[in-house]
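Report on the structure given below.
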Number of protein chains: 2
Amino acid sequence: MTQRYQIWVAYDGSAFAGWQVQPEKRTVQGELERAIRKLTGETVKLHGSGRTDQGVHARGQSAHFDLSRDWGLINLRRGINTYLPPDIRVLNAQQQTPHFHARRSAVSKEYRYFIWNAENLPPDLRHARAHIRRPLNVDAMRKACEALIGRHDFAAFTANPNRFVESTVRHVMALQVRKSGPEIVIIAKSDGFLYKMVRSLVGFLIRVGEGDLAPEEAGAILKSGLRTAVVPTAPPQGLFLWKVNYGRGATYVRNQH
Amino acid sequence: MTQRYQIWVAYDGSAFAGWQVQPEKRTVQGELERAIRKLTGETVKLHGSGRTDQGVHARGQSAHFDLSRDWGLINLRRGINTYLPPDIRVLNAQQQTPHFHARRSAVSKEYRYFIWNAENLPPDLRHARAHIRRPLNVDAMRKACEALIGRHDFAAFTANPNRFVESTVRHVMALQVRKSGPEIVIIAKSDGFLYKMVRSLVGFLIRVGEGDLAPEEAGAILKSGLRTAVVPTAPPQGLFLWKVNYGRGATYVRNQH
């Protein structure tokens with residue numbers, strides 16, 4: 001009898017061509033499917049909660065797949081990790097009902113974007129931070145966030161609005177800017193993100209922080225519904241898929257990293 | 001006329017065979033000397049504040065060298081960076097008197113050791129954290145630190161006491177353990193560190209944190225003066241040379257990272 005499994009996955013996106021399987025490319029999904037096949041002997045199709053782009057990292061990606069026999073969850077997690085390269089780790093594995101779907105059952109997602117705001121970027125952080133030399137005005141960035149929180153049409157903040165979805169309306173539940181020394185973290189939580197939406201929001205917020213745009217322009221850009229060069233796409237290496245939240249019925253269990 | 005320059009350097013130690021020049025090996029000193037030669041046309045001998053081992057990182061290493069002509073400091077910093085690989089950055093350059101010596105003028109150094117104390121290590125941190133799965137008792141580790149702070153003979157906490165020095169007495173001004181979620185940081189400040197001394201202190205503190213050794217054993221181990229298997233050497237990738245402090249007369253100027 002078929003059993004559905006959910007796994008929580010973390011990865012260093014630096015050396016991957018993103019999540020999704022592509023011919024001749026090294027992808028996170030591809031490496032995971034290969035490791036599951038080597039462990040179980042079964043060829044599975046892995047369904048992620050969503051794609052991440054080339055260079056984007058994850059601390060709490062979620063995915064599901066089906067196996068034809070029961071596995072002990074610790075053996076399953078450790079076994080898959082044995083066959084994975086060191087830049088991907090399965091954090092946890094759990095059984096799910098056949099109704100669970102890693103993407104469709106998700107009720108919200110949280111991304112975190114890390115900026116290093118100083119003259120020099122320490123080399124040990126170069127694959128995990130966006131480096132912005134000009135001092136950012138965090139108060140202005142926070143003010144701009146206020147207009148973006150809530151239910152809006154985010155067509156102006158996606159790289160290609162018609163690519164994957166019918167509606168570009170999304171509910172942004174949280175958009176926060178935290179600062180600690182040279183490090184600035186932007187936390188974004190939504191019921192769903194459009195293609196390159198987090199990096200577009202961050203690109204806009206950086207321009208506000210640099211003083212190129214006023215915080216008040218957020219509302220007008222949203223209303224325009226048009227993606228223009230005013231909103232740049234922030235670089236991928238600062239972005240982490242932090243966690244995926246599931247509602248009641250789909251248990252949320254995640255290891256402390 | 002010869003001019004002495006001091007540079008502040010950060011590096012990701014993952015892909016280096018340590019600081020010191022060795023034949024046929026990729027070293028931080030070697031890459032810096034090569035970049036300075038390419039920029040200035042002069043073959044310099046670079047004097048670091050001390051060596052770091054293979055896999056150890058730096059956020060604030062200091063070094064000096066002499067050039068036969070005057071350079072603008074910003075041009076010197078940027079010019080060297082142009083010829084450096086991305087895993088080394090010169091943070092700052094300044095002029096010094098001929099009496100300044102990066103090692104001999106230093107009055108103290110600070111190292112930071114980063115531990116990830118959880119079942120799983122996020123892959124993006126795998127080159128910059130020691131991964132300890134067993135939950136560490138931070139209170140016990142702090143208690144053990146108390147006996148180690150001060151002026152002591154640290155022969156029991158160096159890998160090879162007779163290798164580089166005549167005396168194994170050092171003054172440890174600070175040894176702190178900070179915890180924030182799964183991350184534990186050990187901060188060590190001393191007027192000088194023996195060979196592998198920080199990693200030996202950390203190795204001991206981890207065993208205390210794991211409950212294998214009592215905090216009170218620190219005193220007896222110090223007094224024994226003998227390095228035994230009781231004190232392991234913690235792995236290199238958690239260790240960062242954080243900063244080098246100079247007294248009056250040798251200006252301390254360092255960029256915010």
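Going through the structure tokens in order, the chains are called A, B, and so on, while each chain numbers its residues from 1 and the ligands are numbered from 1 in the order shown.
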- Which residues, written as a count of residues only, have at least one atom at most 10 Å from Val198 (chain B), with only C-alpha atoms counted and residues fewer than 2 positions away on the same chain left out? 25
- If you count only C-alpha atoms, which residues fall within 9 Å of Gly209 (chain A), apart from same-chain ones fewer than 4 positions away, as an MDAnalysis selection string? chainID A and resid 134:141 204:205 213:215
Export of prior selection with C-alpha atoms as a PDB file, in the first residue's frame:
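That gives us out21.pdb:
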```
ATOM      1  CA  ARG A 134      25.510  52.569   0.763  1.00  0.00           C
ATOM      2  CA  PRO A 135      24.145  52.959   4.296  1.00  0.00           C
ATOM      3  CA  LEU A 136      20.474  51.955   4.298  1.00  0.00           C
ATOM      4  CA  ASN A 137      17.831  53.996   6.094  1.00  0.00           C
ATOM      5  CA  VAL A 138      16.018  51.264   7.985  1.00  0.00           C
ATOM      6  CA  ASP A 139      13.268  53.588   9.221  1.00  0.00           C
ATOM      7  CA  ALA A 140      12.369  54.498   5.634  1.00  0.00           C
ATOM      8  CA  MET A 141      12.379  50.795   4.682  1.00  0.00           C
ATOM      9  CA  PHE A 204      12.309  48.042  -3.913  1.00  0.00           C
ATOM     10  CA  LEU A 205      13.039  48.283  -0.165  1.00  0.00           C
ATOM     11  CA  LEU A 213      12.705  56.252  -3.743  1.00  0.00           C
ATOM     12  CA  ALA A 214      10.341  57.583  -1.098  1.00  0.00           C
ATOM     13  CA  PRO A 215       8.558  55.044   1.127  1.00  0.00           C
TER      14      PRO A 215
END
```
- Task: Can you check which residues of chain A have any atom within 9 Å of chain B? Use only C-alpha atoms and format it as number ranges by chain.
- Result: A: 10-14, 57-59, 86-91, 118-128, 181-182, 255-257
- Task: Extract, using only C-alpha atoms, all DNA, RNA and protein residues at most 9 Å from Arg4 (chain B), discarding same-chain residues fewer than 5 positions from it, and format them as a VMD selection string.
- Result: chain B and resid 64 to 68 94 to 100
Keeping only N, CA and C atoms, write the selected residues to a file as a PDB file, in the first residue's frame.
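For reference, result.pdb as written:
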```pdb
ATOM      1  N   HIS B  64      51.616  43.331   8.016  1.00  0.00           N
ATOM      2  CA  HIS B  64      52.329  44.502   7.493  1.00  0.00           C
ATOM      3  C   HIS B  64      53.326  44.096   6.414  1.00  0.00           C
ATOM      4  N   PHE B  65      53.696  45.089   5.596  1.00  0.00           N
ATOM      5  CA  PHE B  65      54.693  44.892   4.546  1.00  0.00           C
ATOM      6  C   PHE B  65      55.244  46.272   4.171  1.00  0.00           C
ATOM      7  N   ASP B  66      56.374  46.280   3.475  1.00  0.00           N
ATOM      8  CA  ASP B  66      57.021  47.537   3.085  1.00  0.00           C
ATOM      9  C   ASP B  66      56.981  47.716   1.574  1.00  0.00           C
ATOM     10  N   LEU B  67      56.772  48.967   1.158  1.00  0.00           N
ATOM     11  CA  LEU B  67      56.828  49.303  -0.266  1.00  0.00           C
ATOM     12  C   LEU B  67      57.819  50.446  -0.450  1.00  0.00           C
ATOM     13  N   SER B  68      58.391  50.530  -1.648  1.00  0.00           N
ATOM     14  CA  SER B  68      59.424  51.545  -1.862  1.00  0.00           C
ATOM     15  C   SER B  68      58.837  52.892  -2.257  1.00  0.00           C
ATOM     16  N   GLN B  94      46.503  51.049   6.069  1.00  0.00           N
ATOM     17  CA  GLN B  94      46.934  52.287   6.723  1.00  0.00           C
ATOM     18  C   GLN B  94      48.456  52.341   6.743  1.00  0.00           C
ATOM     19  N   GLN B  95      48.998  53.567   6.830  1.00  0.00           N
ATOM     20  CA  GLN B  95      50.445  53.715   6.948  1.00  0.00           C
ATOM     21  C   GLN B  95      50.867  53.452   8.380  1.00  0.00           C
ATOM     22  N   GLN B  96      52.076  52.909   8.546  1.00  0.00           N
ATOM     23  CA  GLN B  96      52.610  52.694   9.880  1.00  0.00           C
ATOM     24  C   GLN B  96      54.062  53.169   9.926  1.00  0.00           C
ATOM     25  N   THR B  97      54.536  53.401  11.125  1.00  0.00           N
ATOM     26  CA  THR B  97      55.946  53.742  11.293  1.00  0.00           C
ATOM     27  C   THR B  97      56.783  52.488  11.096  1.00  0.00           C
ATOM     28  N   PRO B  98      58.094  52.652  10.849  1.00  0.00           N
ATOM     29  CA  PRO B  98      58.956  51.468  10.658  1.00  0.00           C
ATOM     30  C   PRO B  98      59.034  50.595  11.908  1.00  0.00           C
ATOM     31  N   HIS B  99      58.613  51.134  13.059  1.00  0.00           N
ATOM     32  CA  HIS B  99      58.677  50.355  14.300  1.00  0.00           C
ATOM     33  C   HIS B  99      57.494  49.404  14.461  1.00  0.00           C
ATOM     34  N   PHE B 100      56.434  49.666  13.690  1.00  0.00           N
ATOM     35  CA  PHE B 100      55.248  48.822  13.822  1.00  0.00           C
ATOM     36  C   PHE B 100      55.532  47.425  13.288  1.00  0.00           C
TER      37      PHE B 100
END
```
I'd like to know which residues of region 110-164 of chain B are helix (DSSP H, G or I) (by DSSP, run on the backbone); could you write them as an mmCIF file with C-alpha atoms, in the first residue's frame?
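Ended up saving to result.cif:
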```cif
data_model
loop_
_atom_site.group_PDB
_atom_site.id
_atom_site.type_symbol
_atom_site.label_atom_id
_atom_site.label_comp_id
_atom_site.auth_asym_id
_atom_site.auth_seq_id
_atom_site.Cartn_x
_atom_site.Cartn_y
_atom_site.Cartn_z
ATOM 1 C CA PRO B 123 24.139 23.210 4.859
ATOM 2 C CA ASP B 124 24.774 26.916 4.186
ATOM 3 C CA LEU B 125 26.697 27.013 7.497
ATOM 4 C CA VAL B 138 26.107 26.156 28.728
ATOM 5 C CA ASP B 139 26.082 26.839 32.481
ATOM 6 C CA ALA B 140 28.668 24.099 33.027
ATOM 7 C CA MET B 141 30.780 25.491 30.167
ATOM 8 C CA ARG B 142 30.657 28.979 31.726
ATOM 9 C CA LYS B 143 31.707 27.579 35.069
ATOM 10 C CA ALA B 144 34.693 25.860 33.448
ATOM 11 C CA CYS B 145 35.693 29.165 31.819
ATOM 12 C CA GLU B 146 36.125 30.801 35.225
ATOM 13 C CA ALA B 147 39.110 28.613 36.120
ATOM 14 C CA LEU B 148 40.750 29.247 32.745
ATOM 15 C CA ALA B 155 50.835 23.739 28.250
ATOM 16 C CA ALA B 156 47.927 21.288 28.683
ATOM 17 C CA PHE B 157 45.909 23.261 26.128
#
```
- Item | For CA of Gly18 (chain B) and CA of Ala218 (chain B), the interatomic separation in Å (one decimal) | 29.3 Å
- Query: Quick one: DSSP strand (DSSP E or B) residues in region 11-228 of chain A, as a ChimeraX atom specification?
  - Reply: /A:11,47-48,57-67,88-96,106-116,130-131,150-153,169-180,183-190
- Distance in Å - CA of Arg151 (chain A) versus CA of Val172 (chain A):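 Taking CA of Arg151 (chain A) and CA of Val172 (chain A), their separation equals 6.2 Å.
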- Query: At what distance in Å, to one decimal, does CA of Lys243 (chain A) lie from CA of Ile115 (chain B)?
  - Reply: 22.3 Å
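Nearest to Lys223 (chain A) of all the residues A:Arg103, A:His152, A:Arg78, A:His47 is A:His152, based on only C-alpha atoms.
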Residue contacts of Arg104 (chain A) (12 Å, only C-alpha atoms) excluding same-chain residues fewer than 5 positions away, as a short mmCIF file (atom, residue, chain, number, x, y, z; two decimals) with C-alpha atoms, in the first residue's frame:
```
data_model
loop_
_atom_site.label_atom_id
_atom_site.label_comp_id
_atom_site.auth_asym_id
_atom_site.auth_seq_id
_atom_site.Cartn_x
_atom_site.Cartn_y
_atom_site.Cartn_z
CA HIS A 47 6.60 17.56 -4.99
CA GLY A 48 8.07 20.65 -3.35
CA SER A 49 6.11 23.42 -1.63
CA GLY A 50 7.42 25.61 -4.45
CA SER A 62 8.99 21.03 2.49
CA ALA A 63 8.25 18.30 -0.04
CA HIS A 64 6.28 15.06 -0.35
CA HIS A 99 -4.59 14.12 1.00
CA LYS A 109 5.47 30.63 3.67
CA ASP A 191 -0.13 32.96 1.76
CA GLY A 192 1.85 32.61 -1.46
CA VAL A 244 6.46 26.52 5.19
CA ASN A 245 3.40 26.56 7.40
CA TYR A 246 0.57 24.04 7.19
CA GLY A 247 -2.85 24.38 8.75
CA ALA A 250 -1.46 18.71 8.09
#
```
